[in-house]
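Enquirer: Before I ask anything, here is the structure I am working with.
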Amino acid sequence: MLEELAQAEAAVADCLDAPTWALPEHDLVAALDAAHRLEQRLAAVKLALVRELDGRGTATAQGASSTAVWLRDRLRLGVGAARRLVELAATLDAAPTGVRDALAGGAVDVEQVRVIAGTVETVHTAAGAEAADKAIGVLVDWAAQFDATLLRRLGTRILDHVAPEVADAAAKAAMEAEARRACRDRHVTLSELRDGRLRLSGILDGEAAGLLRAAIDPLTAPSGPDDPRSPGQRRHDALADLCRLALRTGELPEHGGEAAQVVVTTSFDPLALRLGAGTLDTGLHLTPETVRRLACDATILPAVLGSAGQTLDVGRQRRLFTGPLRRALVLRDRGCAFPGCDRPPRWCDAHHIRHWGDGGTTSLDNAVLLCGHHHRHVHSSEWTVQLGGDGRPEFIPPAWLDPEQIPRRNHYHLRT
């Protein structure tokens with residue numbers, strides 16, 4: 001093995017000196033594919049070596065406390081990376097032959113191997129060895145099309161393909177287990193800092209997470225092109241705005257026999273007709289400017305919106321996609337619909353498939369969600385958009401990119 005690895009190392013060294021600028025684009029792409037396959041095959045060799053060294057106890061024999069610690073020093077890895085290497089070597093060693101062969105053949109990468117091995121183990125537990133063998137073939141085929149993240153999502157429904165007779169029961173059991181885990185793990189922690197500020201941390205279950213996003217996302221947009229706030233600062237300000245809105249409703253439960261409220265103790269200068277510095281009932285001191293702003297906000301009445309009927313197709317009456325039409329578009333596309341983009345809906349604009357200026361209507365069948373980058377790209381490039389027979393968006397690449405111009409779809413927002 002040492003001789004073969006030395007030859008491979010020499011060949012790779014020769015490639016480093018090759019003038020990549022002289023290669024035509026087709027050969028560059030082919031060379032990239034070949035380098036990626038070689039990387040996966042070398043990963044398989046490396047994991048086999050790690051597993052054998054771990055099994056022999058080489059690390060402890062040389063005075064290290066574990067194989068991970070030994071690898072950290074030997075290969076100059078972070079301790080987390082070293083531990084993952086040992087764990088993945090064990091996972092691959094215990095994985096079915098088909099999984100190991102896929103990595104050795106360069107068909108999958110190490111992250112996909114981790115997903116495949118875990119999914120196959122789940123299938124084996126739920127449906128037995130025969131279904132697990134089928135799952136390997138299906139997952140390896142999917143790995144040729146999807147990265148590890150998408151593969152994991154698709155794997156949650158693998159039983160539909162290899163053991164449909166138990167799929168519904170297994171999906172129900174998994175959903176119930178996930179619900180119990182979410183209920184158990186939910187928490188919010190408020191840690192008071194020395195200067196009166198709070199550190200907020202926690203885990204929200206799916207329902208609470210959805211409620212928070214629905215409430216906070218409309219308040220997190222930049223106030224304009226010159227908004228200097230970072231995304232984290234905008235989320236902070238949006239949470240504060242949400243609390244103000246809740247306090248203004250007057251519908252929060254009483255606290256200590258009084259309505260929920262922010263209590264500020266301050267002084268008033270009758271000569272200057274100004275409020276001075278203040279103190280919250282928590283003891284936090286506020287500047288005079290903050291006190292005056294709070295006092296000003298306290299006089300603002302909330303607007304009450306009616307519940308008049310709304311229609312999803314507003315035709316030529318309105319240019320912007322708002323309200324229920326925007327919500328319907330988000331439910332359909334679930335994020336930027338351009339192939340390969342994973343941007344969520346809150347980062348997306350609604351694009352008229354047939355442009356408004358050309359007579360296009362503001363309607364669901366003339367709309368697609370696009371992130372800012374792909375919105376600009378579609379407007380300035382030769383890509384075209386259409387809705388497929390199932391009503392979902394698909395994109396036709398320019399002829400120079402794909403002479404057959406086969407429509408492409410985004411798989412990042414798949415329903416599982």
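The chains in the structure tokens are called A, B, ... from first to last as shown; in each chain the residues are counted from 1, and the ligands are counted from 1 in the order shown.
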At a cut-off of 9 Å, using only C-alpha atoms, what residues contact Gly155 of chain A? Leave out same-chain residues fewer than 3 positions from it and give the result as a PyMOL selection string.
Expert: chain A and resi 115-116+119-120+139+150-152+158-159
Enquirer: For Val123 of chain A, please output as a list in words all residues within 10 Å (counting only C-alpha atoms; exclusion window: fewer than 3 positions along the same chain).
Expert: Ala117, Gly118, Thr119, Val120, Ala126, Ala127, Gly128, Ala129, Glu130, Ala131, Ala132, Asp133, Lys134, Ala135, Ile136, Gly155, Thr156, Ile158, Leu159, Val162, Ala163, Ala167 and Ala170 of chain A
Enquirer: Which neighbours of Ala337 of chain A fall inside 8 Å, counting only C-alpha atoms, when residues of the same chain fewer than 4 positions from it are skipped, and could you give them as a ChimeraX atom specification?
Expert: /A:333,341,368-370,393-394,409-410
Enquirer: Those same residues, written as a PDB file, in the first residue's frame with C-alpha atoms?
Expert:
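In the end it all went to again-v1.pdb:
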```pdb
ATOM      1  CA  ASP A 333     -42.381  27.857  -3.427  1.00  0.00           C
ATOM      2  CA  CYS A 341     -30.698  28.104  -4.103  1.00  0.00           C
ATOM      3  CA  VAL A 368     -42.286  33.035  -8.511  1.00  0.00           C
ATOM      4  CA  LEU A 369     -40.222  33.646  -5.360  1.00  0.00           C
ATOM      5  CA  LEU A 370     -36.608  34.701  -6.025  1.00  0.00           C
ATOM      6  CA  PRO A 393     -41.907  26.895 -11.147  1.00  0.00           C
ATOM      7  CA  GLU A 394     -39.203  25.555 -13.431  1.00  0.00           C
ATOM      8  CA  ARG A 409     -36.245  22.801 -10.620  1.00  0.00           C
ATOM      9  CA  ASN A 410     -35.119  23.637  -7.112  1.00  0.00           C
TER      10      ASN A 410
END
```
Enquirer: With only C-alpha atoms as the counted atoms, please give the residues lying no more than 10 Å from segment 1-18 of chain A, apart from itself and same-chain residues fewer than 6 positions off, as a PDB file with N, CA and C atoms, in the first residue's frame.
Expert:
```
ATOM      1  N   ALA A  35     -10.882  14.971  -9.713  1.00  0.00           N
ATOM      2  CA  ALA A  35     -10.229  15.293  -8.445  1.00  0.00           C
ATOM      3  C   ALA A  35     -11.153  15.013  -7.271  1.00  0.00           C
ATOM      4  N   LEU A  38     -11.288  11.265  -6.706  1.00  0.00           N
ATOM      5  CA  LEU A  38     -10.043  10.836  -6.077  1.00  0.00           C
ATOM      6  C   LEU A  38     -10.032  11.204  -4.595  1.00  0.00           C
ATOM      7  N   LEU A  42      -9.531   8.529  -1.588  1.00  0.00           N
ATOM      8  CA  LEU A  42      -8.490   8.698  -0.571  1.00  0.00           C
ATOM      9  C   LEU A  42      -9.105   8.754   0.824  1.00  0.00           C
ATOM     10  N   VAL A  45      -9.606   5.258   1.981  1.00  0.00           N
ATOM     11  CA  VAL A  45      -8.329   4.669   2.419  1.00  0.00           C
ATOM     12  C   VAL A  45      -7.956   5.200   3.799  1.00  0.00           C
TER      13      VAL A  45
END
```
Enquirer: So which residues touch segment 220-223 of chain A within 12 Å, counting only C-alpha atoms, skipping near sequence neighbours fewer than 4 positions away, as JSON, numbers by chain?
Expert: {"A": [212, 213, 214, 215, 216, 227, 228, 229, 230, 231, 232, 233, 234, 235, 236, 237, 238, 239, 240, 241, 242, 346, 347, 348]}
Enquirer: Which is closest to Met175 of chain A among A:Gly206, A:His352, A:Ala399, A:Leu387, if we use only C-alpha atoms?
Expert: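 Among the listed residues, A:Gly206 lies closest to Met175 of chain A.
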